[in-house]
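Chemist: Take this structure first; my questions come after.
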Amino acid sequence: MEVMEGRRSKMERQVLETVKRCQERNESPLIWAMEVGKWASQMPSSELAEILVSHLCFRNNSPSLWKFLEQALYSGLLFPLQVLSLLSARVIPNRRSQPEAYRLYLELLSRYAFSFNPQAASDSEEKIIKSIDLALRLSQIYEVRVVELGQAFVLFFFSIMISLIDNTLDDWGLQKMSLDRQTLAFGSTENCDMDIDPKGSDNFERNEHHKRLRRMNSLMAMEVVGKLTESRKAMALLRLVHFNMPEKFNGLLQRLQFIKSKHLSSLDLKPATQLLEIISANIERVMHTEPQLDKHQLIGMLIDSGSCKPGSPHNSGSSHSTCWVPLDIYMENAMDGKQLPAKSAIDVLADVIITLQVLNQATWHETFLALWFSALRLVQRERDPLEGPIPHLQARLCLLLSIVPLAIATVLEDETKSSSSSHSTTKFSGYEKVHAPRKHGFVSSLQVLGQFSSLLCPPALVVDAANAAATKAAIFILNSKNKKNGVDQHGHGQSIKADGNMKHLITEACIARNLIDTSAYFWPDYVSSSVISQSETSPVPKSPWPTFMEGAPLNGSLISSLVTTPASSLAEIEKLYNIALNGSEEEKSAAAEILCGASLRSGWNIQEHVVHFLVKLLSPPLPPNNDGPRSHLVDYMPMLSAIIFGASSVDVVHILTLHGVIPEVAGSLLPLCEVFGSLEPPTSSNKMSVSNEPSTYYMAFSLAFLFLLRLWKFYRPPLEQCITENGKAVVGELPLEYLLLLRNYRIASSQNKTNSNTDHIESVSAKPIYIDSYPKLRAWYFQNKSCIASTLSGLSTGNPVHQVANQILNMIFWKITKSGSPLDTSSPSSGSPTSTEEDGPGRPTLPAWEVLESIPFVLEAILTACAYGRLSSRDLVTGLRYLIDFLPASLAAIISYFSAEVTRGIWKLVPMNGIDWPSPAAILRSVESEIKEILAAVGVTVPSCSSADSPMMLPLPMAAFVSLTITFKLDKNLEYIHSVAGPALENCASNCPWPSMPIIGCLWAQKVRRWHDFIVVSSSRSIFRQNKEAVAQLLRSCFTSFLGSLHNPTPSLTNQSCVNGLLGFTISSCSVRPFVAPGFLYLRSCRSIQNIQQVNEVIVGLISECAQDLAVKWTTTESQCLKSSQASLSLAAAKAREMASLGASLLCVAGGFRLVQELYMETISTWLFSSKQAKHGEVSAVSHIVEGYAMAYLLLLSGSIMWGIQDNLPSWISTRRASIVGTHMDFLACVLDGKVSLGCHPATWKAYVSCLMGLMVKFAPAWIKEVKLKTLKTLVKGLRGWHECELAISLLERGGAAAIGSVAELVSVII
């Protein structure tokens, strides 16, 4: 250290002596530089800069020394950035006492502020960085460690802008008490700037000269700021601060806004007004300038193509809505009753809305209008539904009238939160591009909705509700007019009649959630009504809810009325909840039944509150006087059973699913199963029948247990999850632990949000729930897994479980022998056998868990007996039915065991001949023909189901299972059984070879004739499980129905695309044979495709083919004007986005996160590696470019749908996104670096990379920040090689704080 100080002192002495000698001899600045440069050990010299600046300021403040300093900068002897930093720290605080020096400093700053060549300072870079950092206190002010020269350059430039503005404000006498100057300004005039001559001269003329010079310097400082901010380099540097230090950048905006708010009344300051306007305009350009490719090139035109519009009043359902097809596909996919997504449809839809608004570059009016169109089309498709055990109109209305308004509320709330919590520039006026607010766009979309009458016709189920909503508005309007005119009410004996439509129901749903108010009733043409006499009107049923709220007792007639009439207010639901907890036993059950009635199914305006209280009731609070060992849940058993029984219908479960409460419901069911399954039935239940009351122990346990397993979808066997394709595991359904982890995560997240609304999860315990906390359930859970994974051992007398199994077998065989007749399938019993005789062996009086544990051994025994001829097929089915009648929950074990045995394939095939097993022969050929017609209509060919020589065979477990299911009476009281058995039967049949599903479908169609069309359509889906060619054909039909023919002999760019062609106007046509649109068939089949990776490959191939065909049409258009115009290419780009939107949507619904991950990490790479043969002769470069653009858009949209484009995501999502996107970016970097060779056309490769980078920069900058800096630099290098310099800068600008230095260096080279 001492040696270094000695060397510096010696150098300083030598330099100052040389400067003095040159000054005395009046040498030229060039000679000075040559003489002084002899003492510098390297160029540029950090030590020399510090010595000269300290000598200049201000002991030797002569013009000659300033000229020498400029010559030293020009010749490279000194590094401009360091010299300007040292001068800034010394001159700016002393600008009043040294106005001449300040003026010369401003001149020097104006010339050399952007003289930045990091290569020139490579030898002394570390010293220069340290010197700059110490002089300007960058590390202290910006709270970062300055380690790069480019980083120091950016912070230097921004600090200079701030300091010049702050000190100019001081010079103008403008106080900024509200601004924290010390946080950004590195220099302060306090205690270091005296308003006197430093030499003590009080010469009047000199003081006057200084005053004039100070005034001129203030204006000059603003002129320098204006000049510097005009340059492209300044825009790039300021954008870096804006992206990576928004709070600091907002400080700059605050200063400018503060100045603009002041009236510069002094004549001397009038010129400053124009300067401030220039500076403000420059800063606004920094914020609003969007990165764009060269618009004169094809790639630039593609990226810059226009936005998507939702439609026109005359064609809303079939065209111009194609870029919003993800909304239609998501909504229709959400109606699939076989899937139970764990995430709320409200959250999913809100994310999709925000994502599509950005990607489609649409206004919020257009976005919300497209949302309403999609939801209304969803409802209209239910006009001629297939009758069957699937969600119907109530679930679709739930999405339109409850989920969509709640999703909109979330979108509007996000805007409010972001504007109030962030340091948004809109707070300080016009420095941010202000679009129409979301709320304004939402209201305007509702106002114009009435123009689309074809979508607003209400289904028959809601005509009365729509008329009531319209009448309510008409009465409100009339009463308002009467009140205004001083009339108390309208004429006696008269009534208001108004015809309503879906718009009135939508408006009421939005008013109920405070999205709009009753002023909507006064919108033009909102309602047309007429005043008629009451004698001409039909009597309107009076709502029973006022009677209930007045305290009327819950008797039979009132209960029936409340069950069928939806509640209209939260207060009514709250009172019902309190009765369910605190009323009498009868009142508790009645309240639970009412809650699960019309209020839940069709109380759209308060549906989220009904769902909340329903889930809350599943975890009743512990009474204060509950001190004994008996669980308090036993006391609530009738109420809990009524809740679960009422919630077991298909539509109600689907409504719960849409509201996203499945994890909470599953968490609440665990303790119920544990407690109810551990109770030993009373001795009275030793009789051969079980009470049909749902409050019995076995029934209560069975309701809770089957409901839990239904949510868990346990019937998909783990063996299915182990199927491999090309050595890779195919992941199946997620285990029960996943639902519990998701439930626990939600609770933890809610507790961490101080301002969040916790009502949604208040219904369950705030403590985490784990399966290990429930030993009985855990034991069965692992036993079930082991039974599926391996075969069972034989029965032994010493094992307690086997002893219980023997008791059950004795009971079953005694009953079979005693009855001696086929099972009466017409019995209305929901849980009892046909006979109530008490003779014979007693029924086991054991807890349900112990019975359930023994069921697999019972099944093994009777199935083996049947296989060896010791038990007839009829007796086998009868025994299974008696088993379910004894304990309905045993259906779970039957499903699990039979599914596993079918998968193992070790049982013999049995003939479905009508003798031993039921026969489908009567209608099989007819059903086969209908299946072929359905599939042929969507371009799919299938093999024949049967032939005259081949018998109809099923594996023994499958034959037993289907024979068992057709013994169940089709009754509402058995829906909790059917809802578990039905999906399990279809899944189990799908594991069997074709044509097992048509055979099973025929057996059920013979039983329930009104389900015929539904069963035929369901059977037609099974072909797609294992048939790769059928999947490819169906996907091609989806693209054809959406885009038009892929090989149209008469090319037309203006061919109208059609969402209705993809999904259908209705679910099935009204013809004799059911017709299903290809998109609808795909959505109901895609999750059962075994080789799901094939979907990626087919979609990528189809998009590639469509894009090339599209480009061929563009280049062969007859009109040369159209061919050469940007309008035609924009149309081609729009078509490319449409096909990519369809592909991304179909891909996401089929495989979710996993399939999108594979698209990024494998499928696109494979596409780039492949070499394609031209299908239309010589393929033009335009074809390759459009193909690359379409594939880039596919990749971006798929990822955006799956994990969003914003940066405020949960950590686990952002981590996975960073990993997946980063892996793909690394691959692209390797190719650009020459480490990997591709097989695709170079034009395709260039278009793909350029368009993908452009799309990410424009729409998903948060992704770029998560990519490694090394990878970004390689990508930037490749883009520069393609002369895409603007894109290269924009890409690196969004690389986060770590990329600041690299951007500054790149800017210095390119600009």
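Labels for the structure tokens follow display order: chains A, B, ..., residues from 1 in each chain, ligands from 1.
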Please provide the set of residues having any atom within 12 Å of stretch 70-79 of chain A, restricted to only C-alpha atoms, with same-chain residues fewer than 5 positions apart removed, written as an NGL selection string.

Modeler: :A and (28-53 or 63-65 or 84-86 or 104-105 or 107-109 or 111-125 or 127-129 or 131-132 or 149 or 153)

Chemist: Quick one: residues within 10 Å of A:Ala1229, only C-alpha atoms counted, chain neighbours fewer than 6 positions away excluded, as a compact mmCIF listing (two decimals) with N, CA and C atoms, in the first residue's frame?

Modeler:
# COMPACT_ATOMS: atom_id res chain seq x y z
N THR A 1223 -34.08 -23.92 -21.27
CA THR A 1223 -33.56 -25.07 -22.02
C THR A 1223 -33.72 -24.85 -23.52
N LYS A 1235 -22.64 -25.19 -32.91
CA LYS A 1235 -22.38 -26.48 -32.27
C LYS A 1235 -23.35 -27.56 -32.72
N VAL A 1236 -24.47 -27.17 -33.32
CA VAL A 1236 -25.50 -28.12 -33.75
C VAL A 1236 -25.90 -27.76 -35.17
N VAL A 1249 -36.34 -18.11 -35.28
CA VAL A 1249 -35.60 -17.49 -34.18
C VAL A 1249 -35.94 -16.00 -34.09
N LYS A 1270 -25.40 -15.62 -20.50
CA LYS A 1270 -24.53 -16.18 -21.53
C LYS A 1270 -25.34 -16.59 -22.75
N THR A 1271 -26.49 -17.19 -22.51
CA THR A 1271 -27.36 -17.61 -23.62
C THR A 1271 -27.87 -16.39 -24.38
N LEU A 1272 -28.28 -15.36 -23.66
CA LEU A 1272 -28.77 -14.15 -24.32
C LEU A 1272 -27.69 -13.52 -25.19
N LYS A 1273 -26.47 -13.49 -24.71
CA LYS A 1273 -25.38 -12.91 -25.50
C LYS A 1273 -25.17 -13.68 -26.79
N THR A 1274 -25.27 -15.01 -26.72
CA THR A 1274 -25.12 -15.81 -27.94
C THR A 1274 -26.25 -15.54 -28.91
N LEU A 1275 -27.48 -15.43 -28.39
CA LEU A 1275 -28.62 -15.12 -29.26
C LEU A 1275 -28.46 -13.75 -29.89
N VAL A 1276 -28.00 -12.79 -29.11
CA VAL A 1276 -27.80 -11.43 -29.63
C VAL A 1276 -26.74 -11.44 -30.72
N LYS A 1277 -25.70 -12.20 -30.52
CA LYS A 1277 -24.65 -12.30 -31.53
C LYS A 1277 -25.20 -12.85 -32.84
N GLY A 1278 -26.06 -13.86 -32.73
CA GLY A 1278 -26.66 -14.42 -33.93
C GLY A 1278 -27.59 -13.42 -34.62

Chemist: Name all residues at most 7 Å from stretch 388-394 of chain A (count only C-alpha atoms; drop same-chain ones fewer than 5 positions away) and give them as JSON, numbers by chain.

Modeler: {"A": [335, 337, 379, 382, 601, 602, 650, 651, 654, 1011, 1014]}

Chemist: Could you name the residues that touch A:Leu155 at 9 Å or less, counting only C-alpha atoms, but leaving out those on the same chain fewer than 6 positions away, as a list in words?

Modeler: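 Here the answer would be Leu138, Tyr142, Leu237 and Val241 of chain A.
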
Chemist: Keeping all heavy atoms, export the residues of the selection given above as an mmCIF file, in the first residue's frame.

Modeler:
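Now in selection-v3.cif:
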data_model
loop_
_atom_site.group_PDB
_atom_site.id
_atom_site.type_symbol
_atom_site.label_atom_id
_atom_site.label_comp_id
_atom_site.auth_asym_id
_atom_site.auth_seq_id
_atom_site.Cartn_x
_atom_site.Cartn_y
_atom_site.Cartn_z
ATOM 1 N N LEU A 138 -22.190 5.397 -6.743
ATOM 2 C CA LEU A 138 -23.194 4.607 -7.454
ATOM 3 C C LEU A 138 -23.671 3.421 -6.622
ATOM 4 O O LEU A 138 -24.871 3.138 -6.557
ATOM 5 C CB LEU A 138 -22.623 4.125 -8.787
ATOM 6 C CG LEU A 138 -22.216 5.221 -9.778
ATOM 7 C CD1 LEU A 138 -21.655 4.597 -11.053
ATOM 8 C CD2 LEU A 138 -23.399 6.126 -10.102
ATOM 9 N N TYR A 142 -27.633 3.346 -5.735
ATOM 10 C CA TYR A 142 -28.461 2.376 -6.435
ATOM 11 C C TYR A 142 -28.491 1.007 -5.760
ATOM 12 O O TYR A 142 -29.172 0.097 -6.233
ATOM 13 C CB TYR A 142 -27.971 2.228 -7.884
ATOM 14 C CG TYR A 142 -28.138 3.498 -8.675
ATOM 15 C CD1 TYR A 142 -27.082 4.385 -8.826
ATOM 16 C CD2 TYR A 142 -29.364 3.829 -9.230
ATOM 17 C CE1 TYR A 142 -27.232 5.561 -9.541
ATOM 18 C CE2 TYR A 142 -29.529 5.001 -9.951
ATOM 19 C CZ TYR A 142 -28.455 5.862 -10.099
ATOM 20 O OH TYR A 142 -28.624 7.030 -10.802
ATOM 21 N N LEU A 237 -30.259 3.589 -22.928
ATOM 22 C CA LEU A 237 -29.745 3.605 -21.553
ATOM 23 C C LEU A 237 -30.871 3.860 -20.554
ATOM 24 O O LEU A 237 -30.935 3.228 -19.494
ATOM 25 C CB LEU A 237 -28.660 4.671 -21.422
ATOM 26 C CG LEU A 237 -27.413 4.488 -22.296
ATOM 27 C CD1 LEU A 237 -26.436 5.640 -22.075
ATOM 28 C CD2 LEU A 237 -26.735 3.163 -22.019
ATOM 29 N N VAL A 241 -32.801 1.525 -17.230
ATOM 30 C CA VAL A 241 -33.195 1.945 -15.881
ATOM 31 C C VAL A 241 -34.690 1.721 -15.686
ATOM 32 O O VAL A 241 -35.135 1.263 -14.625
ATOM 33 C CB VAL A 241 -32.820 3.418 -15.653
ATOM 34 C CG1 VAL A 241 -33.223 3.860 -14.245
ATOM 35 C CG2 VAL A 241 -31.329 3.620 -15.857
#

Chemist: Mind checking DSSP for stretch 40-104 of chain A and telling me the helix (DSSP H, G or I) residues as number ranges by chain?

Modeler: A: 46-56, 63-75, 80-94, 99-104

Chemist: Go ahead and compute the interatomic distance for atom CA of A:Thr1244 and atom CA of A:Arg1137, in Å to one decimal.

Modeler: 16.3 Å

Chemist: List the neighbours of A:Gly1301 out to 10 Å using only C-alpha atoms; skip same-chain residues closer than 6 positions along the sequence, and give me the result as a list in words.

Modeler: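 Here the answer would be Val146, Val147, Glu148, Leu149, Gly150, Gln151, Ala152, Phe153, Val154, Leu155, Leu240, Leu1292, Glu1293 and Val1307 of chain A.
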
Chemist: Please provide the set of residues having any atom within 9 Å of A:Glu100, restricted to only C-alpha atoms, with same-chain residues fewer than 6 positions apart removed, written as a PDB file with all heavy atoms, in the first residue's frame.

Modeler:
ATOM      1  N   ASN A  61      -7.973  26.709 -12.543  1.00  0.00           N
ATOM      2  CA  ASN A  61      -9.145  26.680 -13.430  1.00  0.00           C
ATOM      3  C   ASN A  61      -8.917  27.629 -14.604  1.00  0.00           C
ATOM      4  O   ASN A  61      -9.490  28.700 -14.688  1.00  0.00           O
ATOM      5  CB  ASN A  61     -10.386  27.096 -12.640  1.00  0.00           C
ATOM      6  CG  ASN A  61     -11.651  26.909 -13.456  1.00  0.00           C
ATOM      7  OD1 ASN A  61     -11.669  26.133 -14.398  1.00  0.00           O
ATOM      8  ND2 ASN A  61     -12.692  27.647 -13.084  1.00  0.00           N
ATOM      9  N   HIS A 210     -21.223  36.856 -13.106  1.00  0.00           N
ATOM     10  CA  HIS A 210     -21.493  35.525 -12.560  1.00  0.00           C
ATOM     11  C   HIS A 210     -22.990  35.233 -12.498  1.00  0.00           C
ATOM     12  O   HIS A 210     -23.432  34.103 -12.775  1.00  0.00           O
ATOM     13  CB  HIS A 210     -20.868  35.406 -11.170  1.00  0.00           C
ATOM     14  CG  HIS A 210     -19.421  35.032 -11.214  1.00  0.00           C
ATOM     15  ND1 HIS A 210     -18.737  34.543 -10.125  1.00  0.00           N
ATOM     16  CD2 HIS A 210     -18.511  35.082 -12.221  1.00  0.00           C
ATOM     17  CE1 HIS A 210     -17.474  34.314 -10.453  1.00  0.00           C
ATOM     18  NE2 HIS A 210     -17.315  34.651 -11.727  1.00  0.00           N
ATOM     19  N   LEU A 213     -24.173  34.524 -15.929  1.00  0.00           N
ATOM     20  CA  LEU A 213     -23.643  33.221 -16.351  1.00  0.00           C
ATOM     21  C   LEU A 213     -24.376  32.070 -15.672  1.00  0.00           C
ATOM     22  O   LEU A 213     -24.646  31.026 -16.284  1.00  0.00           O
ATOM     23  CB  LEU A 213     -22.148  33.158 -16.032  1.00  0.00           C
ATOM     24  CG  LEU A 213     -21.354  32.019 -16.674  1.00  0.00           C
ATOM     25  CD1 LEU A 213     -21.502  32.062 -18.196  1.00  0.00           C
ATOM     26  CD2 LEU A 213     -19.882  32.118 -16.293  1.00  0.00           C
ATOM     27  N   ARG A 214     -24.745  32.269 -14.398  1.00  0.00           N
ATOM     28  CA  ARG A 214     -25.499  31.223 -13.701  1.00  0.00           C
ATOM     29  C   ARG A 214     -26.863  30.995 -14.340  1.00  0.00           C
ATOM     30  O   ARG A 214     -27.311  29.863 -14.491  1.00  0.00           O
ATOM     31  CB  ARG A 214     -25.671  31.584 -12.226  1.00  0.00           C
ATOM     32  CG  ARG A 214     -24.383  31.578 -11.421  1.00  0.00           C
ATOM     33  CD  ARG A 214     -24.664  31.827  -9.948  1.00  0.00           C
ATOM     34  NE  ARG A 214     -23.445  32.198  -9.256  1.00  0.00           N
ATOM     35  CZ  ARG A 214     -23.208  33.404  -8.735  1.00  0.00           C
ATOM     36  NH1 ARG A 214     -24.125  34.347  -8.827  1.00  0.00           N
ATOM     37  NH2 ARG A 214     -22.071  33.664  -8.136  1.00  0.00           N
ATOM     38  N   ASN A 217     -26.317  29.207 -17.475  1.00  0.00           N
ATOM     39  CA  ASN A 217     -25.930  27.814 -17.213  1.00  0.00           C
ATOM     40  C   ASN A 217     -27.142  26.939 -16.893  1.00  0.00           C
ATOM     41  O   ASN A 217     -27.190  25.764 -17.264  1.00  0.00           O
ATOM     42  CB  ASN A 217     -24.940  27.748 -16.054  1.00  0.00           C
ATOM     43  CG  ASN A 217     -23.552  28.212 -16.470  1.00  0.00           C
ATOM     44  OD1 ASN A 217     -23.271  28.358 -17.663  1.00  0.00           O
ATOM     45  ND2 ASN A 217     -22.683  28.460 -15.490  1.00  0.00           N
TER      46      ASN A 217
END

Chemist: Restricting the calculation to only C-alpha atoms, which member of A:Leu386, A:Val851, A:Val411, A:Cys988 is positioned closest to A:Thr355?

Modeler: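 Of A:Leu386, A:Val851, A:Val411, A:Cys988, the one nearest A:Thr355, counting only C-alpha atoms, is A:Val411.
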
Chemist: In terms of the shortest atom-to-atom distance over only C-alpha atoms, which of A:Arg377, A:His659, A:Lys497, A:Lys481 is closest to A:Phe1065?

Modeler: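 Smallest separation from A:Phe1065 among the options: A:Arg377.
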
Chemist: Of the residues A:Arg383, A:Ser261, A:Ile915, A:Ile816, which is the one nearest to A:Leu871, using only C-alpha atoms?

Modeler: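 The closest residue to A:Leu871 is A:Ile816.
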